[in-house]
$ cat input23.txt   # compact mmCIF, C-alpha atoms and all ligand atoms
# COMPACT_ATOMS: atom_id res chain seq x y z
CA MET O 1 -7.23 -21.55 23.39
CA THR O 2 -9.75 -19.38 21.61
CA LEU O 3 -9.78 -15.65 21.32
CA SER O 4 -12.72 -15.36 23.69
CA THR O 5 -11.04 -17.34 26.45
CA LEU O 6 -8.00 -15.12 26.14
CA ARG O 7 -10.15 -12.00 26.23
CA ARG O 8 -11.72 -13.28 29.44
CA ALA O 9 -8.20 -13.56 30.77
CA ASN O 10 -7.44 -13.05 34.41
CA GLY O 11 -4.66 -10.59 33.69
CA PRO O 12 -4.57 -7.37 35.64
CA HIS O 13 -5.73 -5.40 32.62
CA ALA O 14 -8.05 -7.92 31.04
CA ALA O 15 -10.09 -6.26 28.31
CA ALA O 16 -13.73 -6.75 27.52
CA VAL O 17 -14.62 -9.03 24.61
CA GLY O 18 -14.23 -7.24 21.30
CA GLU O 19 -12.68 -4.13 22.81
CA ARG O 20 -10.22 -2.44 20.48
CA ARG O 21 -7.16 -1.40 22.39
CA GLY O 22 -3.58 -0.55 21.70
CA GLU O 23 -3.88 2.42 19.32
CA VAL O 24 -0.51 4.20 19.22
CA VAL O 25 -0.25 7.76 17.93
CA VAL O 26 3.20 9.30 17.54
CA SER O 27 3.08 13.04 16.84
CA ASP O 28 6.14 15.02 15.80
CA ILE O 29 8.40 12.84 17.94
CA GLY O 30 12.10 13.49 17.47
CA LEU O 31 15.37 12.67 19.20
CA ASP O 32 19.00 13.68 18.64
CA TYR O 33 22.23 12.19 19.89
CA ASN O 34 24.89 14.86 20.33
CA GLY O 35 23.07 17.15 17.94
CA VAL O 36 22.70 14.46 15.26
CA PRO O 37 19.06 13.39 14.69
CA ALA O 38 18.57 9.65 15.37
CA LEU O 39 14.87 10.21 14.75
CA ALA O 40 13.67 13.18 12.71
CA ASP O 41 10.30 14.61 13.76
CA THR O 42 8.00 11.70 13.03
CA ASP O 43 4.26 11.04 12.85
CA LEU O 44 2.90 7.51 13.02
CA HIS O 45 -0.55 6.07 13.68
CA VAL O 46 -0.64 2.38 14.56
CA HIS O 47 -4.22 1.12 14.63
CA ALA O 48 -5.61 -0.99 17.46
CA GLY O 49 -5.07 -4.68 16.81
CA GLU O 50 -2.71 -4.05 13.91
CA PHE O 51 0.60 -5.81 13.28
CA PHE O 52 2.84 -2.91 12.32
CA THR O 53 6.49 -3.28 11.32
CA LEU O 54 9.29 -0.75 11.25
CA LEU O 55 11.62 -1.97 8.51
CA GLY O 56 14.94 -0.42 7.63
CA PRO O 57 18.69 -0.90 7.48
CA SER O 58 20.97 -0.75 10.48
CA GLY O 59 21.10 2.71 12.05
CA SER O 60 17.90 3.97 10.39
CA GLY O 61 16.22 4.73 13.75
CA LYS O 62 13.89 1.73 14.20
CA THR O 63 15.02 0.85 17.71
CA THR O 64 15.05 4.51 18.73
CA LEU O 65 11.38 4.87 17.77
CA LEU O 66 10.45 1.58 19.45
CA ARG O 67 12.26 2.55 22.67
CA ILE O 68 10.45 5.88 22.72
CA ILE O 69 7.10 4.07 22.41
CA ALA O 70 8.26 1.77 25.21
CA GLY O 71 9.25 4.67 27.46
CA LEU O 72 12.86 3.50 27.62
CA LEU O 73 13.97 6.70 25.87
CA ASP O 74 12.54 10.18 26.32
CA PRO O 75 11.91 12.05 23.07
CA ALA O 76 13.35 15.54 22.75
CA ARG O 77 10.19 16.72 21.03
CA GLY O 78 6.64 15.62 20.31
CA THR O 79 3.96 13.54 22.00
CA LEU O 80 2.93 9.90 22.27
CA HIS O 81 -0.64 8.76 22.89
CA ILE O 82 -1.82 5.23 23.61
CA ASP O 83 -5.57 4.75 23.37
CA GLY O 84 -6.07 8.48 23.46
CA THR O 85 -4.05 9.06 26.64
CA ASP O 86 -0.90 11.17 26.55
CA VAL O 87 1.85 8.85 27.83
CA THR O 88 4.84 10.91 26.64
CA ARG O 89 6.13 11.25 30.20
CA THR O 90 4.55 8.12 31.69
CA PRO O 91 7.11 5.65 33.07
CA THR O 92 7.53 2.38 31.15
CA GLN O 93 5.97 0.18 33.82
CA LYS O 94 2.79 2.27 33.74
CA ARG O 95 2.36 2.17 29.95
CA ASP O 96 0.84 -1.31 29.88
CA ILE O 97 3.27 -2.53 27.26
CA GLY O 98 4.96 -5.91 26.66
CA PHE O 99 8.46 -6.35 25.20
CA VAL O 100 10.30 -9.05 23.38
CA PHE O 101 13.93 -8.46 22.44
CA GLN O 102 16.42 -10.35 20.32
CA ASN O 103 18.34 -11.72 23.31
CA TYR O 104 15.55 -13.56 25.10
CA ALA O 105 16.31 -11.84 28.47
CA LEU O 106 14.75 -14.66 30.47
CA PHE O 107 15.62 -15.20 34.12
CA PRO O 108 18.00 -18.20 33.95
CA HIS O 109 17.25 -19.41 37.49
CA LEU O 110 13.48 -19.49 36.91
CA THR O 111 11.53 -22.20 35.05
CA VAL O 112 9.37 -21.49 32.01
CA ALA O 113 6.28 -21.22 34.22
CA GLU O 114 8.07 -19.01 36.75
CA ASN O 115 9.38 -16.72 34.02
CA ILE O 116 5.87 -16.24 32.65
CA GLU O 117 4.48 -15.79 36.16
CA TYR O 118 7.07 -13.24 37.23
CA GLY O 119 5.29 -10.05 36.19
CA LEU O 120 1.98 -11.30 37.56
CA LYS O 121 3.65 -11.86 40.94
CA VAL O 122 5.11 -8.36 40.89
CA ARG O 123 1.59 -7.08 40.31
CA LYS O 124 0.40 -9.18 43.25
CA LEU O 125 -2.19 -11.18 41.33
CA PRO O 126 -3.63 -13.95 43.58
CA ALA O 127 -1.93 -17.35 43.21
CA ALA O 128 -4.90 -19.15 41.67
CA LYS O 129 -5.32 -16.50 38.98
CA ARG O 130 -1.59 -16.52 38.32
CA ALA O 131 -1.60 -20.27 37.81
CA ALA O 132 -4.56 -20.09 35.43
CA ARG O 133 -2.95 -17.31 33.43
CA VAL O 134 0.40 -19.12 33.21
CA ALA O 135 -1.38 -22.25 31.97
CA GLU O 136 -3.17 -20.18 29.30
CA MET O 137 0.05 -18.57 28.16
CA ILE O 138 1.89 -21.89 27.98
CA GLU O 139 -0.88 -23.18 25.76
CA LEU O 140 -0.92 -19.99 23.65
CA VAL O 141 2.81 -20.15 22.92
CA ALA O 142 2.64 -23.94 22.41
CA LEU O 143 5.03 -24.92 25.19
CA GLY O 144 2.88 -27.58 26.83
CA GLY O 145 5.20 -30.05 28.61
CA TYR O 146 7.99 -27.49 29.05
CA ALA O 147 6.65 -25.61 32.09
CA GLY O 148 9.23 -27.02 34.50
CA ARG O 149 12.27 -26.53 32.26
CA TYR O 150 14.90 -23.85 32.74
CA PRO O 151 15.90 -21.51 29.87
CA ALA O 152 19.24 -23.31 29.41
CA GLN O 153 17.28 -26.50 28.63
CA LEU O 154 15.39 -24.84 25.76
CA SER O 155 16.23 -24.05 22.13
CA GLY O 156 16.48 -20.43 21.03
CA GLY O 157 13.03 -20.62 19.44
CA GLN O 158 11.50 -22.08 22.60
CA GLN O 159 13.13 -19.36 24.69
CA GLN O 160 11.55 -16.74 22.45
CA ARG O 161 8.16 -18.40 22.94
CA VAL O 162 8.67 -18.06 26.70
CA ALA O 163 9.57 -14.38 26.22
CA LEU O 164 6.36 -13.93 24.20
CA GLY O 165 4.28 -15.71 26.84
CA ARG O 166 5.85 -13.60 29.56
CA ALA O 167 5.19 -10.38 27.65
CA LEU O 168 1.57 -11.31 26.91
CA ALA O 169 0.76 -12.69 30.37
CA GLN O 170 -0.15 -9.24 31.61
CA ASN O 171 -2.43 -8.64 28.64
CA PRO O 172 -0.54 -5.55 27.46
CA ARG O 173 -2.17 -2.97 25.24
CA VAL O 174 0.79 -3.02 22.90
CA LEU O 175 3.44 -5.66 22.26
CA LEU O 176 6.81 -4.26 21.16
CA LEU O 177 9.21 -6.64 19.46
CA ASP O 178 12.78 -5.70 18.55
CA GLU O 179 14.30 -8.19 16.08
CA PRO O 180 12.94 -11.11 18.16
CA LEU O 181 13.91 -13.68 15.52
CA GLY O 182 17.34 -12.18 14.81
CA ALA O 183 19.33 -14.78 16.74
CA LEU O 184 17.59 -17.79 15.18
CA ASP O 185 18.58 -19.72 12.08
CA ARG O 186 16.54 -19.36 8.92
CA GLY O 187 14.22 -22.35 9.32
CA LEU O 188 13.35 -21.45 12.89
CA ARG O 189 12.86 -17.81 11.94
CA GLU O 190 10.19 -18.77 9.45
CA GLU O 191 8.46 -21.14 11.85
CA LEU O 192 8.49 -18.78 14.81
CA GLY O 193 7.55 -15.82 12.58
CA ALA O 194 4.33 -17.59 11.66
CA GLU O 195 3.78 -18.34 15.35
CA VAL O 196 4.34 -14.72 16.37
CA ARG O 197 1.64 -13.69 13.92
CA ARG O 198 -0.77 -16.38 15.14
CA ILE O 199 -0.17 -15.45 18.78
CA GLN O 200 -0.63 -11.73 18.04
CA GLN O 201 -3.93 -12.42 16.29
CA GLU O 202 -5.26 -14.83 18.88
CA SER O 203 -4.41 -12.45 21.69
CA ASN O 204 -5.77 -9.48 19.70
CA THR O 205 -2.76 -7.42 20.75
CA THR O 206 -1.41 -4.46 18.79
CA ALA O 207 2.15 -5.30 17.74
CA VAL O 208 4.95 -2.95 16.75
CA TYR O 209 7.79 -5.00 15.33
CA VAL O 210 11.30 -3.96 14.34
CA THR O 211 13.33 -5.78 11.72
CA HIS O 212 15.78 -5.19 8.90
CA ASP O 213 14.57 -8.35 7.13
CA GLN O 214 12.14 -7.57 4.33
CA GLU O 215 10.84 -11.14 4.04
CA GLU O 216 10.05 -11.24 7.75
CA ALA O 217 8.24 -7.91 7.50
CA PHE O 218 6.15 -9.18 4.56
CA ILE O 219 5.14 -12.40 6.32
CA LEU O 220 4.09 -10.67 9.52
CA SER O 221 2.76 -7.21 8.82
CA ASP O 222 -0.63 -5.70 8.17
CA ARG O 223 1.21 -2.47 7.43
CA MET O 224 4.76 -1.33 7.66
CA GLY O 225 6.92 1.77 7.60
CA VAL O 226 10.24 1.79 5.78
CA MET O 227 12.85 3.80 7.67
CA ARG O 228 15.95 5.55 6.40
CA ASP O 229 18.24 8.02 8.18
CA GLY O 230 15.87 8.57 11.10
CA ARG O 231 12.76 9.02 8.95
CA ILE O 232 9.81 6.88 7.93
CA VAL O 233 10.09 7.30 4.18
CA GLN O 234 7.02 5.29 3.20
CA LEU O 235 4.05 3.70 4.94
CA GLY O 236 1.67 1.09 3.56
CA THR O 237 0.76 -2.56 3.25
CA PRO O 238 3.58 -4.87 2.14
CA GLU O 239 1.93 -5.14 -1.29
CA GLN O 240 1.56 -1.38 -1.74
CA LEU O 241 5.20 -0.79 -0.85
CA TYR O 242 6.42 -3.62 -3.06
CA ARG O 243 4.38 -2.55 -6.05
CA GLU O 244 4.51 1.21 -5.62
CA PRO O 245 7.79 2.15 -3.98
CA LYS O 246 8.11 5.86 -3.44
CA ASP O 247 11.79 6.09 -4.30
CA LEU O 248 14.79 4.09 -5.42
CA PHE O 249 15.76 3.25 -1.84
CA VAL O 250 12.40 1.62 -1.05
CA ALA O 251 12.31 -0.13 -4.43
CA LYS O 252 15.71 -1.71 -3.81
CA PHE O 253 15.22 -2.40 -0.11
CA LEU O 254 12.02 -4.40 -0.64
CA GLY O 255 13.49 -7.11 -2.83
CA LYS O 256 15.25 -7.71 -6.11
CA THR O 257 14.33 -5.36 -8.91
CA ASN O 258 15.49 -4.43 -12.40
CA LEU O 259 16.11 -0.75 -13.05
CA PHE O 260 15.79 0.87 -16.47
CA PRO O 261 16.30 4.61 -16.99
CA GLY O 262 13.39 6.33 -18.72
CA ARG O 263 11.68 9.62 -19.41
CA LEU O 264 8.25 10.53 -18.12
CA THR O 265 6.16 11.61 -21.12
CA GLY O 266 2.66 11.76 -19.67
CA ARG O 267 0.64 11.45 -16.50
CA ASP O 268 -3.07 10.89 -15.97
CA GLY O 269 -4.27 10.12 -12.46
CA ALA O 270 -2.85 6.79 -11.33
CA SER O 271 -1.26 6.04 -14.72
CA ALA O 272 1.79 7.43 -16.43
CA LEU O 273 3.46 7.05 -19.78
CA VAL O 274 7.19 6.47 -19.89
CA ARG O 275 9.70 6.15 -22.71
CA VAL O 276 12.44 3.56 -22.28
CA GLY O 277 14.86 3.51 -25.21
CA ASP O 278 12.60 3.28 -28.28
CA HIS O 279 9.59 1.96 -26.41
CA ASP O 280 6.60 3.66 -24.81
CA LEU O 281 5.16 1.94 -21.77
CA ALA O 282 2.18 2.38 -19.47
CA ALA O 283 3.37 2.63 -15.87
CA ARG O 284 2.03 3.44 -12.39
CA ALA O 285 2.16 7.14 -11.67
CA ASN O 286 4.21 8.20 -8.64
CA PRO O 287 3.21 11.53 -7.06
CA ALA O 288 6.68 11.82 -5.48
CA ILE O 289 8.29 12.31 -8.91
CA GLN O 290 9.03 15.92 -9.83
CA GLY O 291 11.08 15.96 -13.02
CA GLU O 292 11.10 13.95 -16.25
CA ASP O 293 14.07 11.70 -15.51
CA VAL O 294 12.79 8.51 -13.98
CA VAL O 295 13.85 4.96 -13.27
CA CYS O 296 11.51 2.08 -14.11
CA SER O 297 11.51 -0.60 -11.44
CA VAL O 298 10.47 -4.00 -12.75
CA ARG O 299 10.52 -7.01 -10.41
CA PRO O 300 12.06 -10.24 -11.80
CA GLU O 301 8.68 -12.00 -11.73
CA GLN O 302 7.13 -9.16 -13.78
CA LEU O 303 9.48 -9.66 -16.74
CA VAL O 304 8.21 -11.86 -19.55
CA LEU O 305 10.59 -13.15 -22.24
CA GLY O 306 9.45 -13.05 -25.86
CA ALA O 307 11.12 -14.06 -29.10
CA VAL O 308 12.81 -11.24 -31.01
CA GLY O 309 10.82 -10.11 -34.02
CA ASP O 310 7.54 -11.65 -32.83
CA PRO O 311 4.57 -9.37 -33.29
CA ALA O 312 3.63 -7.61 -30.06
CA GLN O 313 1.82 -10.10 -27.83
CA PRO O 314 -1.63 -9.09 -26.61
CA GLY O 315 -1.55 -7.69 -23.09
CA LEU O 316 2.21 -7.17 -23.13
CA GLU O 317 4.43 -4.21 -23.95
CA ARG O 318 7.99 -4.31 -25.16
CA LEU O 319 10.52 -2.89 -22.68
CA ALA O 320 13.91 -3.70 -24.20
CA ALA O 321 15.95 -6.19 -26.19
CA ALA O 322 18.29 -8.41 -24.20
CA THR O 323 20.71 -11.33 -24.42
CA VAL O 324 20.50 -14.26 -22.00
CA THR O 325 23.75 -14.55 -20.04
CA GLU O 326 22.93 -17.30 -17.56
CA VAL O 327 20.12 -19.66 -16.60
CA ARG O 328 19.81 -20.98 -13.04
CA PHE O 329 17.32 -23.54 -11.74
CA LEU O 330 16.24 -22.55 -8.20
CA GLY O 331 13.51 -25.08 -7.45
CA GLN O 332 10.32 -23.03 -7.40
CA ARG O 333 11.58 -20.73 -10.14
CA ARG O 334 14.15 -20.43 -12.85
CA SER O 335 16.29 -17.32 -12.68
CA ILE O 336 17.31 -15.96 -16.09
CA HIS O 337 20.14 -13.44 -16.11
CA LEU O 338 20.21 -11.05 -19.03
CA ASP O 339 22.09 -8.14 -20.50
CA ALA O 340 19.87 -5.41 -21.91
CA ASP O 341 22.28 -3.16 -23.74
CA GLY O 342 24.62 -2.90 -20.75
CA ILE O 343 21.92 -3.17 -18.06
CA ALA O 344 22.23 -6.39 -16.09
CA CYS O 345 18.80 -7.73 -15.22
CA ALA O 346 17.06 -10.91 -14.12
CA ALA O 347 13.74 -12.56 -14.87
CA ASP O 348 12.08 -15.25 -12.75
CA LEU O 349 10.29 -17.85 -14.82
CA ASP O 350 8.06 -20.73 -13.85
CA PRO O 351 10.26 -23.84 -14.07
CA SER O 352 7.75 -25.40 -16.48
CA ALA O 353 8.07 -22.47 -18.95
CA PRO O 354 10.29 -22.91 -22.06
CA VAL O 355 13.92 -22.58 -21.02
CA PRO O 356 16.03 -20.02 -22.91
CA VAL O 357 19.71 -20.73 -23.45
CA ALA O 358 22.71 -18.53 -22.76
CA GLY O 359 23.48 -16.32 -25.78
CA GLU O 360 19.86 -16.26 -26.98
CA HIS O 361 18.46 -12.87 -28.03
CA VAL O 362 15.06 -12.12 -26.50
CA SER O 363 12.57 -9.31 -25.98
CA LEU O 364 11.82 -8.18 -22.45
CA LEU O 365 8.06 -7.69 -22.10
CA VAL O 366 5.88 -6.34 -19.29
CA ARG O 367 2.17 -6.06 -18.60
CA PRO O 368 0.88 -2.51 -19.06
CA GLY O 369 0.77 -0.59 -15.80
CA GLU O 370 2.97 -2.99 -13.84
CA VAL O 371 6.14 -0.95 -14.13
CA ALA O 372 6.75 1.24 -11.07
CA LEU O 373 8.38 4.62 -11.56
CA VAL O 374 10.75 6.30 -9.14
CA ALA O 375 12.71 9.51 -9.50
CA ALA O 376 16.24 9.14 -10.88
CA GLU O 377 18.81 10.01 -8.19
N1 LIG N 401 23.17 5.88 22.76
C1 LIG N 401 23.47 6.41 21.57
N2 LIG N 401 24.36 7.41 21.46
C2 LIG N 401 24.63 7.98 20.26
N3 LIG N 401 24.08 7.60 19.10
C3 LIG N 401 23.19 6.59 19.14
C4 LIG N 401 22.83 5.94 20.37
N4 LIG N 401 21.92 4.99 20.10
C5 LIG N 401 21.71 5.02 18.77
N5 LIG N 401 22.46 5.98 18.18
C6 LIG N 401 22.47 6.35 16.75
O1 LIG N 401 21.14 6.66 16.36
C7 LIG N 401 20.87 6.17 15.06
C8 LIG N 401 19.64 5.26 15.08
O2 LIG N 401 19.93 4.11 15.84
P1 LIG N 401 18.90 2.91 16.04
O3 LIG N 401 19.48 1.95 17.02
O4 LIG N 401 17.57 3.47 16.33
O5 LIG N 401 18.88 2.29 14.59
P2 LIG N 401 18.26 0.88 14.11
O6 LIG N 401 17.58 1.17 12.83
O7 LIG N 401 17.46 0.27 15.19
O8 LIG N 401 19.55 0.05 13.84
P3 LIG N 401 19.87 -1.54 14.13
O9 LIG N 401 19.04 -2.32 13.16
O10 LIG N 401 21.35 -1.64 13.86
O11 LIG N 401 19.50 -1.79 15.56
C9 LIG N 401 22.14 5.47 14.59
O12 LIG N 401 22.83 6.35 13.77
C10 LIG N 401 22.88 5.18 15.87
O13 LIG N 401 24.26 5.15 15.64
$ encode --input "input23.txt" --output "structure tokens" --more "lines below"
Ligand SMILES: Nc1ncnc2c1ncn2[C@@H]1O[C@H](COP(=O)(O)OP(=O)(O)OP(=O)(O)O)[C@@H](O)[C@H]1O
Amino acid sequence: MTLSTLRRANGPHAAAVGERRGEVVVSDIGLDYNGVPALADTDLHVHAGEFFTLLGPSGSGKTTLLRIIAGLLDPARGTLHIDGTDVTRTPTQKRDIGFVFQNYALFPHLTVAENIEYGLKVRKLPAAKRAARVAEMIELVALGGYAGRYPAQLSGGQQQRVALGRALAQNPRVLLLDEPLGALDRGLREELGAEVRRIQQESNTTAVYVTHDQEEAFILSDRMGVMRDGRIVQLGTPEQLYREPKDLFVAKFLGKTNLFPGRLTGRDGASALVRVGDHDLAARANPAIQGEDVVCSVRPEQLVLGAVGDPAQPGLERLAAATVTEVRFLGQRRSIHLDADGIACAADLDPSAPVPVAGEHVSLLVRPGEVALVAAE
């Protein structure tokens, strides 16, 4: 099915072709449980048509924020607007929102088609339109041939496709997804993750997605917000957050990184100068840093190994001296474990690159400006 056929959908809230809908604006929304904030006063602007992910560890407030957007929880403070309308006190069923949760929540006694049709029946859509919409949804979620099956006769991944089809059948303005891939094994998670993204794009639906899995967030999101202790600590594209983490928490939460203590010696716009041991390096400036004590975050794929005593290589700066402790072949990359004067670190090398051996002394090199700085804690 093409985007245009979906936009011409027979759903009760079918939108005009090209219409941008599903803008979510959270303003100063907060909620406490027994006096303890589960969500500190929070602002968030999710753009129409965007795939936005709330990423954070368990208990960081992701589900609380999602449930407030859904209308399943009332905020103690603040307002929520969808497409410019204040829906802070609007009941869930009138918010024009679709949900997909981790535990499929399908009706076990209804077939795939009947599950998808359910909400359309509740809204009293005529039978012919319902049938056409169900057929479209079955095609969209790639479940052709499964319409007559019951949930118990489907795999977990297929059940989640039904849940997606059911949620999208009513052409919601916003699709809310709370760890929808959490119950699936790794292979299926990857496959269905790609499908969720395709379905979101084809249906041109704004998506707000909750996960604690950084890889999942990277694959899916246009932008994401990293949450910690009831706050969104940083917002941006996956690449921005990965390359320019605001603090140590974000740097560590978004994937493996090597951390070297340093001292900020200069700052000029987007660039900074940092001293690590005896070496001066060009780094990315971080406006969140106040003092001079910093930590340099260098991702394993950013580390380059050079021979000790070699003249400085063009385009590379020396970070530290290190000794190789272990070499592991991991298929697409070779992981080199090193000890840099007591700091355990790791470099990812292309498997076709020269292979160092355990015990070898090397120089750790980086490209100027690649090192990210965060405040020392
Ligand atoms: N009904 C409740 N009563 C009291 N405290 C609650 C309740 N629901 C959630 N909390 C607390 O609010 C905080 C945020 O919870 P929330 O479920 O939003 O986190 P989360 O990031 O979605 O976590 P998870 O990934 O484990 O689902 C946590 O500290 C949690 O213990």
$ axis_aligned_box --input "input23.txt" --around "segment 23-36 of chain O" --padding-each-side "4 Å" --output "JSON"
{"center_x": 10.5, "center_y": 9.8, "center_z": 17.8, "size_x": 36.8, "size_y": 22.7, "size_z": 13.1}
$ residues_near_ligand --input "input23.txt" --ligand "ligand LIG 401 (chain N)" --cutoff "10 Å" --atoms "only C-alpha atoms and all ligand atoms" --output "mmCIF file with C-alpha atoms, in the frame of the given file"
data_model
loop_
_atom_site.group_PDB
_atom_site.id
_atom_site.type_symbol
_atom_site.label_atom_id
_atom_site.label_comp_id
_atom_site.auth_asym_id
_atom_site.auth_seq_id
_atom_site.Cartn_x
_atom_site.Cartn_y
_atom_site.Cartn_z
ATOM 1 C CA LEU O 31 15.370 12.670 19.200
ATOM 2 C CA ASP O 32 19.000 13.680 18.640
ATOM 3 C CA TYR O 33 22.230 12.190 19.890
ATOM 4 C CA ASN O 34 24.890 14.860 20.330
ATOM 5 C CA GLY O 35 23.070 17.150 17.940
ATOM 6 C CA VAL O 36 22.700 14.460 15.260
ATOM 7 C CA PRO O 37 19.060 13.390 14.690
ATOM 8 C CA ALA O 38 18.570 9.650 15.370
ATOM 9 C CA LEU O 39 14.870 10.210 14.750
ATOM 10 C CA LEU O 54 9.290 -0.750 11.250
ATOM 11 C CA LEU O 55 11.620 -1.970 8.510
ATOM 12 C CA GLY O 56 14.940 -0.420 7.630
ATOM 13 C CA PRO O 57 18.690 -0.900 7.480
ATOM 14 C CA SER O 58 20.970 -0.750 10.480
ATOM 15 C CA GLY O 59 21.100 2.710 12.050
ATOM 16 C CA SER O 60 17.900 3.970 10.390
ATOM 17 C CA GLY O 61 16.220 4.730 13.750
ATOM 18 C CA LYS O 62 13.890 1.730 14.200
ATOM 19 C CA THR O 63 15.020 0.850 17.710
ATOM 20 C CA THR O 64 15.050 4.510 18.730
ATOM 21 C CA LEU O 65 11.380 4.870 17.770
ATOM 22 C CA LEU O 66 10.450 1.580 19.450
ATOM 23 C CA ARG O 67 12.260 2.550 22.670
ATOM 24 C CA ILE O 68 10.450 5.880 22.720
ATOM 25 C CA LEU O 73 13.970 6.700 25.870
ATOM 26 C CA ASP O 178 12.780 -5.700 18.550
ATOM 27 C CA GLU O 179 14.300 -8.190 16.080
ATOM 28 C CA VAL O 210 11.300 -3.960 14.340
ATOM 29 C CA THR O 211 13.330 -5.780 11.720
ATOM 30 C CA HIS O 212 15.780 -5.190 8.900
ATOM 31 C CA ASP O 213 14.570 -8.350 7.130
ATOM 32 C CA MET O 227 12.850 3.800 7.670
ATOM 33 C CA ARG O 228 15.950 5.550 6.400
ATOM 34 C CA ASP O 229 18.240 8.020 8.180
ATOM 35 C CA GLY O 230 15.870 8.570 11.100
ATOM 36 C CA ARG O 231 12.760 9.020 8.950
#
$ residues_around --input "input23.txt" --residues "Glu114 of chain O" --least-positions-apart "6" --cutoff "12 Å" --atoms "only C-alpha atoms" --output "list in words"
Leu106, Phe107, Pro108, Leu120, Lys121, Val122, Arg130, Ala131, Arg133, Val134, Ala135, Met137, Ile138, Tyr146, Ala147, Gly148, Arg149, Tyr150, Pro151, Val162, Ala163, Gly165, Arg166 and Ala169 of chain O
$ closest_residue --input "input23.txt" --among "O:Leu241, O:Leu80, O:Val308, O:Val362" --to "Gln214 of chain O" --atoms "all atoms listed in the file"
O:Leu241
$ closest_atom_pairs --input "input23.txt" --of "segment 179-281 of chain O" --to "segment 329-342 of chain O" --cutoff "12 Å" --atoms "only C-alpha atoms" --output "CSV"
residue,atom,partner,partner_atom,distance
O:Lys256,CA,O:Ser335,CA,11.7
O:Asn258,CA,O:Leu338,CA,10.5
O:Leu259,CA,O:Ala340,CA,10.7
O:Phe260,CA,O:Ala340,CA,9.3
O:Pro261,CA,O:Ala340,CA,11.7
O:Val276,CA,O:Ala340,CA,11.7
O:Gly277,CA,O:Asp341,CA,10.1
$ write_last_selection --input "input23.txt" --atoms "C-alpha atoms" --output "short mmCIF file (atom, residue, chain, number, x, y, z; two decimals), in the coordinates of the input"
data_model
loop_
_atom_site.label_atom_id
_atom_site.label_comp_id
_atom_site.auth_asym_id
_atom_site.auth_seq_id
_atom_site.Cartn_x
_atom_site.Cartn_y
_atom_site.Cartn_z
CA LYS O 256 15.25 -7.71 -6.11
CA ASN O 258 15.49 -4.43 -12.40
CA LEU O 259 16.11 -0.75 -13.05
CA PHE O 260 15.79 0.87 -16.47
CA PRO O 261 16.30 4.61 -16.99
CA VAL O 276 12.44 3.56 -22.28
CA GLY O 277 14.86 3.51 -25.21
#
$ residues_around --input "input23.txt" --residues "segment 91-102 of chain O" --least-positions-apart "5" --cutoff "8 Å" --atoms "all atoms listed in the file" --output "list in words"
Ala70, Gly71, Leu72, Gln160, Ala163, Leu164, Ala167, Leu168, Gln170, Pro172, Arg173, Val174, Leu175, Leu176, Leu177, Asp178, Glu179, Pro180, Leu181, Gly182 and Ala183 of chain O
$ write_last_selection --input "input23.txt" --atoms "C-alpha atoms" --output "mmCIF file, in the frame of the given file"
data_model
loop_
_atom_site.group_PDB
_atom_site.id
_atom_site.type_symbol
_atom_site.label_atom_id
_atom_site.label_comp_id
_atom_site.auth_asym_id
_atom_site.auth_seq_id
_atom_site.Cartn_x
_atom_site.Cartn_y
_atom_site.Cartn_z
ATOM 1 C CA ALA O 70 8.260 1.770 25.210
ATOM 2 C CA GLY O 71 9.250 4.670 27.460
ATOM 3 C CA LEU O 72 12.860 3.500 27.620
ATOM 4 C CA GLN O 160 11.550 -16.740 22.450
ATOM 5 C CA ALA O 163 9.570 -14.380 26.220
ATOM 6 C CA LEU O 164 6.360 -13.930 24.200
ATOM 7 C CA ALA O 167 5.190 -10.380 27.650
ATOM 8 C CA LEU O 168 1.570 -11.310 26.910
ATOM 9 C CA GLN O 170 -0.150 -9.240 31.610
ATOM 10 C CA PRO O 172 -0.540 -5.550 27.460
ATOM 11 C CA ARG O 173 -2.170 -2.970 25.240
ATOM 12 C CA VAL O 174 0.790 -3.020 22.900
ATOM 13 C CA LEU O 175 3.440 -5.660 22.260
ATOM 14 C CA LEU O 176 6.810 -4.260 21.160
ATOM 15 C CA LEU O 177 9.210 -6.640 19.460
ATOM 16 C CA ASP O 178 12.780 -5.700 18.550
ATOM 17 C CA GLU O 179 14.300 -8.190 16.080
ATOM 18 C CA PRO O 180 12.940 -11.110 18.160
ATOM 19 C CA LEU O 181 13.910 -13.680 15.520
ATOM 20 C CA GLY O 182 17.340 -12.180 14.810
ATOM 21 C CA ALA O 183 19.330 -14.780 16.740
#
$ atom_distance --input "input23.txt" --atom1 "atom CA of Thr237 of chain O" --atom2 "atom CA of Ala217 of chain O"
10.1 Å
$ atom_distance --input "input23.txt" --atom1 "atom CA of Leu235 of chain O" --atom2 "atom CA of Arg223 of chain O"
7.2 Å
$ closest_residue --input "input23.txt" --among "O:Ala76, O:Ala152, O:Ala375, O:Leu365" --to "Pro245 of chain O" --atoms "only C-alpha atoms"
O:Ala375
$ atom_distance --input "input23.txt" --atom1 "atom CA of Gln159 of chain O" --atom2 "atom CA of Leu143 of chain O"
9.8 Å
$ residues_around --input "input23.txt" --residues "Lys246 of chain O" --least-positions-apart "5" --cutoff "10 Å" --atoms "only C-alpha atoms" --output "short mmCIF file (atom, residue, chain, number, x, y, z; two decimals) with C-alpha atoms, in the frame of the given file"
data_model
loop_
_atom_site.label_atom_id
_atom_site.label_comp_id
_atom_site.auth_asym_id
_atom_site.auth_seq_id
_atom_site.Cartn_x
_atom_site.Cartn_y
_atom_site.Cartn_z
CA VAL O 233 10.09 7.30 4.18
CA GLN O 234 7.02 5.29 3.20
CA LEU O 235 4.05 3.70 4.94
CA GLN O 240 1.56 -1.38 -1.74
CA LEU O 241 5.20 -0.79 -0.85
CA ALA O 251 12.31 -0.13 -4.43
CA ASN O 286 4.21 8.20 -8.64
CA PRO O 287 3.21 11.53 -7.06
CA ALA O 288 6.68 11.82 -5.48
CA ILE O 289 8.29 12.31 -8.91
CA ALA O 372 6.75 1.24 -11.07
CA LEU O 373 8.38 4.62 -11.56
CA VAL O 374 10.75 6.30 -9.14
CA ALA O 375 12.71 9.51 -9.50
#
